[in-house]
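Undergrad: My questions will all concern the structure given below.
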Amino acid sequence: KETKLWGGRFEESVTDAVEKFTESISFDKELYKHDIMGSKAHASMLARQGLISASDRDSIIQGLDEIQRRIETGDFVWRTDREDVHMNIEAALTDLIGEPAKKLHTARSRNDQVLTDFRLWCRDAIDRIIVCIKNLQVALVSLALDNKELIVPGYTHLQRAQPVLLPHLLLAYVEQLERDAGRLIDCRVRLNFCPLGACALAGTGLPIDRFMTSDALGFTAPMRNSIDAVSDRDFVLEFLSANSITAVHLSRLGEEWVLWASEEFGFIIPSDSVSTGSSIMPQKKNPDPMELVRGKSARVIGDLVTLLTLCKGLPLAYNRDLQEDKEPVFDSVKTVMGMLEVSAEFAQNITFNHERIEKALPAGHLDATTLADYLVKKGMPFRTSHDIVGRSVALCVSKNCQLQDLSLDDMKSISPVFEEDVYEYLGVENSVKKFSSYGSTGCACVADQLEYWITKLEIS
Ligand code: ARG
């Protein structure tokens, strides 16, 4: 057995069970690129500070480039007995270039190294997720543009409420996604500080330059407190919280589309390319992708809860428990990106069933609130108009008709304030036209919103 990099004081080697239980290489190899990036910056800094020679630096950097090439061509063997990504790469570097490699870990611990890697990895992941968010926003706006004039029932309590334009409803999701991206950007700003040089926890007496490595790696500044630098995981908690909120938004979208695809609603027809069938019921066509978007939100929330629970009892500074922080993050990122991608794909592959929606629209007295506003415009107090329209609806229910089917005499029997012009307020088309407040479902307001997103998302 090879001696461990930390093996000096040990007389026995670890048991196979302990080796298998404590390894992290099976998952933290995901960090290899950022580990190499960090090591190269560290070696350059050590050389500039006179802690290693320029030729050692050059052979370290060339060796690390060669190792990266081997990893990327599948020509690298990850070894469990070398524990984690940091020691795998360092040991492989020693195999490759010999003596100079042994100087790389000067003024560095795996504790600050792993956090440097992890922060760099999360920073990249945030950038990738933001691209996916934008793609979904574009897909939703395109869907809105394809159905610009479509009126659909708006719901509260999942009961018919008021008529809304479909683009208005789709843009509500676009707004939520924008805040999701905003939360990630905020998180990115806060996480972009460099732990490298904090070493195990206390820093070092060697003359390192933490500002140089921080700059080289694109961080805003080195972290001020070395103990905080190796203990902190709140950047991860914040990242996973932001992902959880995104996942919950997508889950709600999933729920809505699953409902809309049902026979009972029938508002959308997903194409075959985004549907799956049943192994027993030959007629079935299910919206599985959106069901799984709803379902996978559970694991994203679970990943956050794992991390919160992991951190809650830990004293300062580094504890090995913290090695458990990586898999939930990798899982959360992979899952949220998949959810975003498949939601965009679903959006690109549904058609709205205009005929079915038009047929469904008259039910539910969606224009009742507009009618109450009509009476307000005639000078009636709102509470009174609410009551009068309520009684008009009751009359409709007893006659099994819609508000617009009532005769003027019928209406006048409830209130003399009704006049012939009331019919300009009834029916969903008329009703939608009456909305005019900022952010409302009125045609002009929705057109403004669409215009805003077309410009913002650079849709041509
Ligand atoms: N694999 C470890 C982790 O992910 C690296 C840090 C190990 N540090 C230590 N002192 N054993 O947390």
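Every chain in the structure tokens has a letter given in the order shown (A, B, ...), and although residue numbers restart at 1 in each chain, ligands are simply numbered from 1 in the order shown.
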Around ligand 1, at most 12 Å away and counting only C-alpha atoms and all ligand atoms, which residues are there? Put them as a ChimeraX atom specification, please.

TA: /A:5-6,21-31,35,80,82-88,108-118,199-201,230-231,233,317-327

Undergrad: Skip Leu104 (chain A) itself and residues of its chain fewer than 6 positions away, then list as a PyMOL selection string all residues within 12 Å of it, counting only C-alpha atoms.

TA: chain A and resi 36+38-47+51-53+56-61+63-64+86-87+89-91+93-94+97-98+110+113

Undergrad: Let me make sure I understand: among A:Met37, A:Ile280, A:Ala101, A:Ile245, which one has the smallest atom-to-atom distance to Thr213 (chain A) if we use only C-alpha atoms?

TA: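 Looking only at the distances to Thr213 (chain A), the closest residue turns out to be A:Met37.
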
Undergrad: From region 172-284 of chain A, collect each residue whose DSSP state is strand (DSSP E) and return the set as a list in words.

TA: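 Checking each residue of region 172-284 of chain A, the strand (DSSP E) ones are Phe193, Cys194, Ala221, Pro222, Ile268, Ile269 and Pro270 of chain A.
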
Undergrad: Print the selection's residues with N, CA and C atoms to a file, as a CSV table (one decimal), in the first residue's frame.

TA:
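This went into selection_35.csv:
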chain,number,residue,atom,x,y,z
A,193,PHE,N,-15.8,35.4,-2.6
A,193,PHE,CA,-14.6,35.9,-1.8
A,193,PHE,C,-13.7,34.6,-1.6
A,194,CYS,N,-12.4,34.9,-1.5
A,194,CYS,CA,-11.5,33.8,-1.7
A,194,CYS,C,-11.0,33.3,-0.3
A,221,ALA,N,-12.2,39.6,-3.4
A,221,ALA,CA,-11.2,39.9,-2.4
A,221,ALA,C,-11.0,38.6,-1.6
A,222,PRO,N,-9.8,38.5,-0.8
A,222,PRO,CA,-9.7,37.3,0.1
A,222,PRO,C,-10.6,37.5,1.2
A,268,ILE,N,-54.6,22.8,-22.8
A,268,ILE,CA,-53.4,22.6,-23.6
A,268,ILE,C,-53.3,21.2,-24.2
A,269,ILE,N,-52.7,21.1,-25.4
A,269,ILE,CA,-52.4,19.8,-26.0
A,269,ILE,C,-50.9,19.7,-26.1
A,270,PRO,N,-50.3,18.9,-25.2
A,270,PRO,CA,-48.8,18.6,-25.4
A,270,PRO,C,-48.6,17.8,-26.6

Undergrad: Could you pull out the alpha helix (DSSP H) residues of region 209-327 of chain A from DSSP and send them as a ChimeraX atom specification?

TA: /A:210-216,226-231,234-260,288-311,326-327

Undergrad: Counting only C-alpha atoms, what is within 9 Å of Leu169 (chain A), bar same-chain residues fewer than 2 positions away, as a ChimeraX atom specification?

TA: /A:144,152,154,164-167,171-173,441

Undergrad: Tell me which of A:Val141, A:Tyr438, A:Ser275, A:Ser262 sits closest to Val174 (chain A), counting only C-alpha atoms.

TA: A:Val141

Undergrad: Go through A:Asp387, A:Glu355, A:Val293, A:Leu375 and flag the residue nearest Tyr425 (chain A), using only C-alpha atoms for the distances.

TA: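 Of A:Asp387, A:Glu355, A:Val293, A:Leu375, the one nearest Tyr425 (chain A) is A:Leu375, counting only C-alpha atoms.
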
Undergrad: Calculated over only C-alpha atoms, which of the candidates A:Glu2, A:Glu345, A:Asp367, A:Asp124 has the smallest distance to Val138 (chain A)?

TA: A:Glu345

Undergrad: Quick one: everything within 10 Å of Ser385 (chain A), counting only C-alpha atoms, minus sequence neighbours fewer than 2 positions away in the same chain. Send it as a list in words.

TA: Thr369, Leu371, Ala372, Asp373, Tyr374, Leu375, Val376, Lys378, Gly379, Met380, Pro381, Phe382, Arg383, Asp387, Ile388, Val389, Gly390, Arg391, Ser415 and Val417 of chain A

Undergrad: Grab the residues selected above and save them as a compact mmCIF listing (two decimals), in the first residue's frame with C-alpha atoms.

TA:
# COMPACT_ATOMS: atom_id res chain seq x y z
CA THR A 369 -66.57 41.97 -10.85
CA LEU A 371 -70.20 44.53 -13.62
CA ALA A 372 -69.74 45.68 -10.03
CA ASP A 373 -67.19 48.25 -11.28
CA TYR A 374 -69.79 49.43 -13.84
CA LEU A 375 -72.18 50.32 -11.02
CA VAL A 376 -69.35 52.08 -9.15
CA LYS A 378 -72.45 55.12 -12.07
CA GLY A 379 -71.81 56.46 -8.57
CA MET A 380 -72.85 53.50 -6.42
CA PRO A 381 -70.78 52.54 -3.33
CA PHE A 382 -68.82 49.35 -4.02
CA ARG A 383 -70.37 47.36 -1.16
CA ASP A 387 -74.56 43.04 -3.32
CA ILE A 388 -76.56 43.94 -6.42
CA VAL A 389 -74.30 41.95 -8.73
CA GLY A 390 -74.43 39.08 -6.24
CA ARG A 391 -78.20 39.13 -6.56
CA SER A 415 -81.36 48.03 -9.40
CA VAL A 417 -79.09 52.12 -11.96
